[in-house]
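What follows is a set of notes on a single structure, which appears directly below.
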Amino acid sequence: MAREHAELAKNAEEHLTQSVDRPWLSSYPPGVPAEIDPGAYRSLTHLLEDAFRNHARSCAAVCMDSELSFAQLDELSSALGAWLQSRQLAKGARVALMMPNVLQYPVAIAAVLRAGYVVVNVNPLYTPRELEHQLKDSGAEAIVILENFASTLAEVLHRTPVRHIVLASMGDLLGFWKGQLVNLAVRHVRKLVPEFSLPLDGGRTVTRFNMAIAEGTRLSLRRVDVSPDDIAFLQYTGGTTGVSKGATLLHRNVVANVLQSVAWFRPKLDTLPAGRQLTVVCALPLYHIFALTACFMLGAQLGMRLLLIPNPRDIPGLVKTLSAHKVNMFPAVNTLFNALANDPEFTRLDFSELVISNGGGMAVQRATAEKWLAVTGCPVVEGYGLSETSPVVTVNRFDLESFTGSIGLPVPSTRVVIRDDDGRDVDIGVPGEICIQGPQVMSGYWNRPDETAKVMTDDGFFRSGDVGVMDAAGYIRIVDRKKDMILVSGFNVYPNEIEQVVSLLPGVLECAAVGVPDDRSGEAVKLYVVRRDPSLSESDLMDYCKENFTAYKRPRHIEFRDELPKSNVGKILRRELRG
């Protein structure tokens, strides 16, 4: 009896400690544990191969009405992985992937990881300047790229360490006749493949995707001992210096975040009828960490069908694709939710089995959330994350019936504290910097110990740069952004990068980039310029930015000024330009 009383007292003390230390636990929905076991999988290779075995007969991915089963994804990724190993790449070599959401993408991700290499995700719309930096910084020795973007690679290839190019086309994996027709349409009717010539000096090789698969089927994938602390992804993000840097995500980081997401999502998904395969919409690009974890990795672990959308900007095409499926989970950013909810054809679809609409990447707006709920009957549940956290940090409960503006509660095995500028924890209800500790937090920035030191605290917390406030129930709300980062449709734009590149234009004396509200993208880039050359025009600047920045980074507004506001030491005051 005394032992039982002691045990009860101990449990009560632990509960009290948790409620003070982690007040969010008392707000957790039923069925969600406080902790996950990050060691359940040794690596993402283990997680994926487990999924291939457990769900072999089920559809793993569908794109353009063509499907791959988990067994086929197993076979194709094994073949491509074996082919990559035949290139004599050492364990840990970086392999860049530069594609939209096509069937080749999940094959390539699995192949690179299973072969013991590191995935470097690349935005396929990058300009040559942006691509060159990422390939050189990561040290990528190989790249799998859709031919539509090969002309960009051709411009910079000779200045990068890339030696092996796998050239994919839209028609790969769609079957012979359909693939031929799709390639004909893409190359010659729609003319979506600019002319290119890839230089083969220095021992470089170019191999067509399907040829690499064919050659790989005659080889054996060599088993590689991938540990939890091996690098899985270099996920590039901007920085205070204006130079994009790679968040180093270890296998254990992404495994943990998948398991954290599964723990949070599963109770809601289990409310659906048993025995039917679930479908997750992947309209977010797989090169973005949100889709990578919340669509592909999470979907694979749960045996879900991944509905790949190559071009989510084509709303009529997206709606037509959605009409052929009963979807259960729909991760998206505010702009996509808004565009669909206001499309008349979308409102006619069957949403009877849609139970999770998770918003991330950018703030979800109340008007969008209310419209989406009215159309689909499924509330948008907002979450929060960063490339540096694999990405999920917080998520709202799925049983919310209305928009709250909160980013939710920390997911299992995650601690979030709010700190002042001196690094001290603040009281409940007091704004401060959101700091995160958990198994999903990156090991640091690739080859940038200086940048890592700026964001990692001595007690192991990642400083997000976002200012938030936590209430007594553990819910967090973002109130400001400490960084000058601009958030355009869920993508980070860093003013220093814009300013550094624009300042190289001879006619520019000085410039400053800030974010301004935008109904479509949440924020847009506005550029303030002081001219060195009076003849410099807005169109000159727009043309220059088009050449040097991918679309979401380009200024949408340009304003010329005689001078820019500065501090006493001459620092440009962006906050005054933002008003």
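Ordered as shown in the structure tokens, chains take letters A, B, and onward, while each chain numbers its residues from 1 and ligands are numbered from 1 in the order shown.
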
Q. Segment 60-268 of chain A: which residues are helix (DSSP H, G or I) by DSSP, as a PyMOL selection string?
A. chain A and resi 70-85+104-114+128-138+147-159+176-189+201-203+209-216+251-268

Q) DSSP says strand (DSSP E) for which residues of segment 17-162 of chain A? Put them as a list in words? A)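 Put together, the selection reads Cys59, Ala60, Ala61, Val62, Cys63, Ser66, Glu67, Leu68, Ser69, Arg94, Val95, Ala96, Leu97, Met98, Val118, Val119, Val120, Asn121, Ala142, Ile143, Val144, Ile145 and Leu146 of chain A.
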
Quick one: write out the picked residues with N, CA, C and O atoms as a compact mmCIF listing (two decimals), in the first residue's frame?
```txt
# COMPACT_ATOMS: atom_id res chain seq x y z
N CYS A 59 -0.76 1.15 -53.94
CA CYS A 59 -0.23 2.24 -54.77
C CYS A 59 0.58 3.19 -53.90
O CYS A 59 0.10 3.67 -52.88
N ALA A 60 1.81 3.45 -54.29
CA ALA A 60 2.67 4.37 -53.55
C ALA A 60 2.53 5.79 -54.06
O ALA A 60 2.55 6.75 -53.28
N ALA A 61 2.40 5.96 -55.37
CA ALA A 61 2.33 7.30 -55.97
C ALA A 61 1.58 7.23 -57.29
O ALA A 61 1.65 6.23 -58.01
N VAL A 62 0.86 8.31 -57.58
CA VAL A 62 0.15 8.42 -58.85
C VAL A 62 0.39 9.81 -59.40
O VAL A 62 0.37 10.81 -58.67
N CYS A 63 0.66 9.88 -60.71
CA CYS A 63 0.90 11.17 -61.38
C CYS A 63 0.46 11.04 -62.83
O CYS A 63 0.81 10.06 -63.51
N SER A 66 -0.93 7.74 -63.98
CA SER A 66 -0.08 6.55 -63.95
C SER A 66 0.36 6.29 -62.52
O SER A 66 0.65 7.23 -61.77
N GLU A 67 0.39 5.00 -62.15
CA GLU A 67 0.67 4.63 -60.76
C GLU A 67 1.96 3.84 -60.62
O GLU A 67 2.38 3.14 -61.55
N LEU A 68 2.55 3.96 -59.43
CA LEU A 68 3.65 3.09 -59.00
C LEU A 68 3.23 2.44 -57.70
O LEU A 68 2.79 3.13 -56.77
N SER A 69 3.34 1.14 -57.61
CA SER A 69 3.08 0.46 -56.34
C SER A 69 4.31 0.60 -55.45
O SER A 69 5.40 0.98 -55.90
N ARG A 94 26.98 13.87 -52.06
CA ARG A 94 25.76 14.63 -52.25
C ARG A 94 25.23 14.47 -53.67
O ARG A 94 26.00 14.60 -54.64
N VAL A 95 23.94 14.21 -53.77
CA VAL A 95 23.27 14.04 -55.07
C VAL A 95 22.12 15.03 -55.12
O VAL A 95 21.20 14.98 -54.29
N ALA A 96 22.15 15.93 -56.08
CA ALA A 96 21.11 16.95 -56.21
C ALA A 96 19.92 16.39 -57.00
O ALA A 96 20.09 15.60 -57.93
N LEU A 97 18.72 16.81 -56.61
CA LEU A 97 17.49 16.44 -57.31
C LEU A 97 16.80 17.73 -57.72
O LEU A 97 16.50 18.58 -56.88
N MET A 98 16.53 17.87 -59.01
CA MET A 98 15.97 19.12 -59.54
C MET A 98 14.80 18.79 -60.46
O MET A 98 14.94 18.69 -61.67
N VAL A 118 23.49 11.56 -49.85
CA VAL A 118 22.77 12.69 -49.26
C VAL A 118 21.96 13.39 -50.34
O VAL A 118 22.49 13.74 -51.40
N VAL A 119 20.68 13.60 -50.07
CA VAL A 119 19.80 14.30 -51.02
C VAL A 119 19.97 15.81 -50.86
O VAL A 119 19.87 16.34 -49.75
N VAL A 120 20.21 16.49 -51.98
CA VAL A 120 20.23 17.95 -52.01
C VAL A 120 19.05 18.39 -52.87
O VAL A 120 19.10 18.29 -54.10
N ASN A 121 17.99 18.83 -52.25
CA ASN A 121 16.80 19.24 -53.00
C ASN A 121 17.00 20.62 -53.61
O ASN A 121 17.44 21.55 -52.92
N ALA A 142 26.63 14.53 -58.29
CA ALA A 142 25.68 13.99 -59.27
C ALA A 142 24.38 14.77 -59.15
O ALA A 142 24.09 15.38 -58.12
N ILE A 143 23.59 14.74 -60.22
CA ILE A 143 22.31 15.41 -60.20
C ILE A 143 21.31 14.62 -61.04
O ILE A 143 21.66 14.08 -62.09
N VAL A 144 20.10 14.50 -60.53
CA VAL A 144 18.98 13.95 -61.29
C VAL A 144 18.10 15.14 -61.62
O VAL A 144 17.57 15.80 -60.71
N ILE A 145 17.93 15.43 -62.91
CA ILE A 145 17.27 16.67 -63.31
C ILE A 145 16.30 16.42 -64.46
O ILE A 145 16.59 15.62 -65.36
N LEU A 146 15.15 17.06 -64.42
CA LEU A 146 14.20 16.98 -65.53
C LEU A 146 14.75 17.80 -66.68
O LEU A 146 15.24 18.92 -66.48
```

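Shell of Asp270 of chain A at 12 Å, with only C-alpha atoms counted and residues fewer than 3 places along the chain excluded, is A:Gly31, A:Val262, A:Ala263, A:Trp264, A:Phe265, A:Arg266, A:Pro267, A:Pro273, A:Ala274, A:Gly275, A:Arg276, A:Gln277, A:Leu278, A:Leu302, A:Asn328, A:Glu353, A:Val355, A:Ile356.
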
**Q.** Residue contacts of segment 553-569 of chain A (9 Å, only C-alpha atoms) excluding same-chain residues fewer than 4 positions away, as a PyMOL selection string
**A.** chain A and resi 488+491-494+498+510-513+524-531+538+541-542+545-546+548-549+573-574+576-577

**Q.** Val467 of chain A environment, 12 Å, only C-alpha atoms, sequence neighbours closer than 4 positions dropped, as a PyMOL selection string
**A.** chain A and resi 417-421+426+430-435+463+476-484

Residues just named, written with N, CA, C and O atoms as a compact mmCIF listing (two decimals), in the first residue's frame:
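out.txt, written as the output of this step:
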```txt
# COMPACT_ATOMS: atom_id res chain seq x y z
N VAL A 417 10.23 26.99 -25.85
CA VAL A 417 10.28 28.03 -24.83
C VAL A 417 10.28 29.39 -25.53
O VAL A 417 10.71 29.51 -26.68
N ILE A 418 9.77 30.38 -24.83
CA ILE A 418 9.75 31.75 -25.34
C ILE A 418 10.77 32.54 -24.55
O ILE A 418 10.71 32.59 -23.31
N ARG A 419 11.73 33.17 -25.25
CA ARG A 419 12.85 33.82 -24.55
C ARG A 419 13.02 35.27 -24.98
O ARG A 419 12.69 35.65 -26.11
N ASP A 420 13.57 36.05 -24.04
CA ASP A 420 13.84 37.46 -24.34
C ASP A 420 15.18 37.60 -25.05
O ASP A 420 15.86 36.59 -25.32
N ASP A 421 15.58 38.82 -25.32
CA ASP A 421 16.81 39.06 -26.07
C ASP A 421 18.06 38.62 -25.32
O ASP A 421 19.13 38.44 -25.92
N VAL A 426 10.62 33.79 -20.72
CA VAL A 426 9.66 34.81 -20.28
C VAL A 426 8.42 34.12 -19.71
O VAL A 426 8.22 32.91 -19.87
N VAL A 430 3.81 36.54 -22.34
CA VAL A 430 4.78 37.59 -22.69
C VAL A 430 5.47 37.22 -24.00
O VAL A 430 5.97 36.11 -24.15
N PRO A 431 5.50 38.15 -24.99
CA PRO A 431 6.15 37.84 -26.27
C PRO A 431 7.65 37.65 -26.13
O PRO A 431 8.30 38.25 -25.27
N GLY A 432 8.19 36.80 -26.98
CA GLY A 432 9.63 36.57 -27.03
C GLY A 432 9.96 35.68 -28.21
O GLY A 432 9.07 35.30 -28.98
N GLU A 433 11.23 35.34 -28.35
CA GLU A 433 11.65 34.52 -29.48
C GLU A 433 11.28 33.05 -29.24
O GLU A 433 11.51 32.50 -28.17
N ILE A 434 10.70 32.43 -30.26
CA ILE A 434 10.35 31.01 -30.19
C ILE A 434 11.62 30.19 -30.33
O ILE A 434 12.33 30.28 -31.33
N CYS A 435 11.93 29.38 -29.30
CA CYS A 435 13.12 28.54 -29.31
C CYS A 435 12.69 27.08 -29.17
O CYS A 435 11.81 26.76 -28.38
N ARG A 463 17.11 28.75 -32.13
CA ARG A 463 16.45 30.06 -32.12
C ARG A 463 15.81 30.29 -33.48
O ARG A 463 16.49 30.42 -34.49
N ILE A 476 0.51 28.46 -29.02
CA ILE A 476 1.47 29.50 -29.39
C ILE A 476 0.90 30.31 -30.56
O ILE A 476 0.26 29.77 -31.46
N ARG A 477 1.15 31.58 -30.50
CA ARG A 477 0.72 32.48 -31.56
C ARG A 477 1.93 33.32 -31.99
O ARG A 477 2.66 33.85 -31.14
N ILE A 478 2.15 33.43 -33.29
CA ILE A 478 3.25 34.28 -33.78
C ILE A 478 2.75 35.72 -33.83
O ILE A 478 1.69 36.00 -34.39
N VAL A 479 3.54 36.62 -33.26
CA VAL A 479 3.14 38.02 -33.23
C VAL A 479 4.04 38.92 -34.07
O VAL A 479 3.67 40.04 -34.41
N ASP A 480 5.21 38.42 -34.41
CA ASP A 480 6.14 39.25 -35.20
C ASP A 480 7.25 38.36 -35.71
O ASP A 480 7.38 37.20 -35.33
N ARG A 481 8.05 38.90 -36.57
CA ARG A 481 9.20 38.18 -37.09
C ARG A 481 10.46 38.94 -36.71
O ARG A 481 10.60 40.11 -37.06
N LYS A 482 11.32 38.29 -35.99
CA LYS A 482 12.54 38.95 -35.54
C LYS A 482 13.47 39.21 -36.72
O LYS A 482 14.12 40.23 -36.81
N LYS A 483 13.51 38.25 -37.60
CA LYS A 483 14.32 38.41 -38.80
C LYS A 483 13.61 39.35 -39.77
O LYS A 483 12.43 39.62 -39.64
N ASP A 484 14.33 39.82 -40.75
CA ASP A 484 13.72 40.63 -41.81
C ASP A 484 13.21 39.75 -42.95
O ASP A 484 12.85 40.26 -44.01
```

Q. Contacts of Arg187 of chain A at 12 Å or less, counting only C-alpha atoms, minus same-chain residues fewer than 4 places along, as a PyMOL selection string?
A. chain A and resi 147-148+169-171+179-183+191-195

Export all heavy atoms of the chosen residues as a JSON list (two decimals), in the first residue's frame?
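The resulting file, out-v4.json, is shown below:
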```json
[["chain", "number", "residue", "atom", "x", "y", "z"],
["A", 147, "GLU", "N", 14.65, 17.26, -67.91],
["A", 147, "GLU", "CA", 15.26, 17.92, -69.07],
["A", 147, "GLU", "C", 14.72, 19.33, -69.29],
["A", 147, "GLU", "O", 15.40, 20.17, -69.89],
["A", 147, "GLU", "CB", 15.04, 17.08, -70.33],
["A", 147, "GLU", "CG", 13.58, 16.92, -70.72],
["A", 147, "GLU", "CD", 13.39, 16.05, -71.95],
["A", 147, "GLU", "OE1", 14.40, 15.58, -72.51],
["A", 147, "GLU", "OE2", 12.23, 15.87, -72.36],
["A", 148, "ASN", "N", 13.53, 19.64, -68.81],
["A", 148, "ASN", "CA", 12.96, 20.98, -68.93],
["A", 148, "ASN", "C", 13.86, 22.05, -68.34],
["A", 148, "ASN", "O", 13.79, 23.22, -68.71],
["A", 148, "ASN", "CB", 11.59, 21.06, -68.24],
["A", 148, "ASN", "CG", 10.60, 20.03, -68.76],
["A", 148, "ASN", "OD1", 10.95, 18.87, -68.91],
["A", 148, "ASN", "ND2", 9.37, 20.44, -69.00],
["A", 169, "SER", "N", 12.84, 12.82, -68.26],
["A", 169, "SER", "CA", 11.84, 13.51, -69.09],
["A", 169, "SER", "C", 10.47, 13.24, -68.49],
["A", 169, "SER", "O", 10.27, 12.29, -67.73],
["A", 169, "SER", "CB", 11.91, 13.01, -70.53],
["A", 169, "SER", "OG", 11.64, 11.62, -70.59],
["A", 170, "MET", "N", 9.51, 14.08, -68.83],
["A", 170, "MET", "CA", 8.17, 13.98, -68.24],
["A", 170, "MET", "C", 7.55, 12.61, -68.49],
["A", 170, "MET", "O", 6.80, 12.09, -67.66],
["A", 170, "MET", "CB", 7.25, 15.06, -68.81],
["A", 170, "MET", "CG", 7.52, 16.45, -68.27],
["A", 170, "MET", "SD", 7.21, 16.65, -66.49],
["A", 170, "MET", "CE", 5.44, 16.43, -66.42],
["A", 171, "GLY", "N", 7.87, 12.00, -69.62],
["A", 171, "GLY", "CA", 7.23, 10.73, -69.99],
["A", 171, "GLY", "C", 7.81, 9.49, -69.34],
["A", 171, "GLY", "O", 7.23, 8.41, -69.45],
["A", 179, "GLY", "N", 4.19, 7.62, -72.49],
["A", 179, "GLY", "CA", 5.40, 8.40, -72.28],
["A", 179, "GLY", "C", 5.86, 9.10, -73.54],
["A", 179, "GLY", "O", 6.26, 10.27, -73.52],
["A", 180, "GLN", "N", 5.78, 8.39, -74.68],
["A", 180, "GLN", "CA", 6.17, 8.99, -75.95],
["A", 180, "GLN", "C", 5.27, 10.18, -76.30],
["A", 180, "GLN", "O", 5.74, 11.24, -76.74],
["A", 180, "GLN", "CB", 6.10, 7.94, -77.07],
["A", 180, "GLN", "CG", 7.12, 6.83, -76.96],
["A", 180, "GLN", "CD", 8.55, 7.33, -77.11],
["A", 180, "GLN", "OE1", 8.86, 8.08, -78.04],
["A", 180, "GLN", "NE2", 9.42, 6.94, -76.19],
["A", 181, "LEU", "N", 3.98, 10.02, -76.09],
["A", 181, "LEU", "CA", 3.03, 11.09, -76.41],
["A", 181, "LEU", "C", 3.25, 12.30, -75.50],
["A", 181, "LEU", "O", 3.21, 13.45, -75.97],
["A", 181, "LEU", "CB", 1.59, 10.58, -76.28],
["A", 181, "LEU", "CG", 1.13, 9.59, -77.35],
["A", 181, "LEU", "CD1", -0.24, 9.01, -77.00],
["A", 181, "LEU", "CD2", 1.07, 10.30, -78.72],
["A", 182, "VAL", "N", 3.46, 12.05, -74.22],
["A", 182, "VAL", "CA", 3.69, 13.15, -73.27],
["A", 182, "VAL", "C", 4.98, 13.89, -73.64],
["A", 182, "VAL", "O", 5.01, 15.13, -73.67],
["A", 182, "VAL", "CB", 3.75, 12.62, -71.83],
["A", 182, "VAL", "CG1", 4.31, 13.69, -70.89],
["A", 182, "VAL", "CG2", 2.37, 12.19, -71.37],
["A", 183, "ASN", "N", 6.05, 13.15, -73.95],
["A", 183, "ASN", "CA", 7.30, 13.80, -74.32],
["A", 183, "ASN", "C", 7.16, 14.61, -75.60],
["A", 183, "ASN", "O", 7.73, 15.70, -75.72],
["A", 183, "ASN", "CB", 8.41, 12.76, -74.47],
["A", 183, "ASN", "CG", 8.90, 12.24, -73.13],
["A", 183, "ASN", "OD1", 8.69, 12.87, -72.10],
["A", 183, "ASN", "ND2", 9.54, 11.08, -73.14],
["A", 191, "LYS", "N", 6.53, 23.16, -76.22],
["A", 191, "LYS", "CA", 7.89, 23.72, -76.25],
["A", 191, "LYS", "C", 8.37, 24.12, -74.83],
["A", 191, "LYS", "O", 8.82, 25.24, -74.59],
["A", 191, "LYS", "CB", 7.95, 24.92, -77.20],
["A", 191, "LYS", "CG", 7.58, 24.56, -78.63],
["A", 191, "LYS", "CD", 7.85, 25.69, -79.58],
["A", 191, "LYS", "CE", 7.38, 25.34, -80.99],
["A", 191, "LYS", "NZ", 8.00, 24.14, -81.53],
["A", 192, "LEU", "N", 8.27, 23.16, -73.92],
["A", 192, "LEU", "CA", 8.65, 23.39, -72.53],
["A", 192, "LEU", "C", 10.07, 22.94, -72.20],
["A", 192, "LEU", "O", 10.48, 22.98, -71.04],
["A", 192, "LEU", "CB", 7.66, 22.67, -71.59],
["A", 192, "LEU", "CG", 6.21, 23.16, -71.65],
["A", 192, "LEU", "CD1", 5.33, 22.32, -70.73],
["A", 192, "LEU", "CD2", 6.12, 24.64, -71.28],
["A", 193, "VAL", "N", 10.79, 22.49, -73.24],
["A", 193, "VAL", "CA", 12.18, 22.06, -73.03],
["A", 193, "VAL", "C", 13.10, 22.94, -73.85],
["A", 193, "VAL", "O", 13.29, 22.72, -75.06],
["A", 193, "VAL", "CB", 12.38, 20.57, -73.41],
["A", 193, "VAL", "CG1", 13.82, 20.15, -73.13],
["A", 193, "VAL", "CG2", 11.41, 19.67, -72.65],
["A", 194, "PRO", "N", 13.67, 23.99, -73.26],
["A", 194, "PRO", "CA", 14.59, 24.86, -74.00],
["A", 194, "PRO", "C", 15.80, 24.07, -74.49],
["A", 194, "PRO", "O", 16.21, 23.07, -73.88],
["A", 194, "PRO", "CB", 15.02, 25.90, -72.95],
["A", 194, "PRO", "CG", 13.97, 25.85, -71.89],
["A", 194, "PRO", "CD", 13.48, 24.43, -71.87],
["A", 195, "GLU", "N", 16.37, 24.51, -75.60],
["A", 195, "GLU", "CA", 17.55, 23.84, -76.13],
["A", 195, "GLU", "C", 18.70, 23.91, -75.11],
["A", 195, "GLU", "O", 18.87, 24.90, -74.41],
["A", 195, "GLU", "CB", 17.99, 24.49, -77.44],
["A", 195, "GLU", "CG", 17.05, 24.21, -78.60],
["A", 195, "GLU", "CD", 17.61, 24.73, -79.92],
["A", 195, "GLU", "OE1", 18.83, 25.05, -79.96],
["A", 195, "GLU", "OE2", 16.84, 24.82, -80.89]]
```

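Going from atom CA of Val280 of chain A over to atom CA of Ser58 of chain A, you cover 13.7 Å.
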
Within 12 Å of segment 204-220 of chain A: each segment 176-199 of chain A residue with its shortest pair, only C-alpha atoms, as CSV:
```
residue,atom,partner,partner_atom,distance
A:Phe176,CA,A:Asn210,CA,10.9
A:Gly179,CA,A:Asn210,CA,11.2
A:Ser197,CA,A:Val206,CA,10.7
A:Leu198,CA,A:Val206,CA,8.0
A:Pro199,CA,A:Arg204,CA,7.7
```

Q: Find, counting only C-alpha atoms, the residue in A:Thr452, A:Ser390, A:Thr237, A:Gln134 that gets nearest to Ala291 of chain A.
A: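 For Ala291 of chain A, the nearest of the given residues is A:Ser390.
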
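Atom pair atom CA of Lys371 of chain A / atom CA of Phe290 of chain A has a distance of 23.0 Å (rounded to one decimal).
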
Q) In Å, with one decimal, what is the gap from atom CA of Glu370 of chain A to atom CA of Leu487 of chain A? A) 21.7 Å

Q. A:Thr271, A:Thr45, A:Ser77, A:Ser535: which is nearest Val255 of chain A, counting only C-alpha atoms?
A.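 The shortest atom-to-atom distance to Val255 of chain A comes from A:Thr45.
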
Q: Point out the residue among A:Lys178, A:Pro285, A:Pro228, A:Tyr236 with the least atom-to-atom distance to Leu131 of chain A, counting only C-alpha atoms.
A: A:Tyr236

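With distances restricted to only C-alpha atoms, A:Leu174 is the closest residue to Gln104 of chain A from A:Leu174, A:Val514, A:Val281, A:Val156.
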
Q.
What's around Pro410 of chain A at 6 Å? Count only C-alpha atoms, leave out sequence neighbours fewer than 4 positions away in its own chain, and write the answer as a list of chain:residue names.
A. A:Val393, A:Thr394, A:Thr414
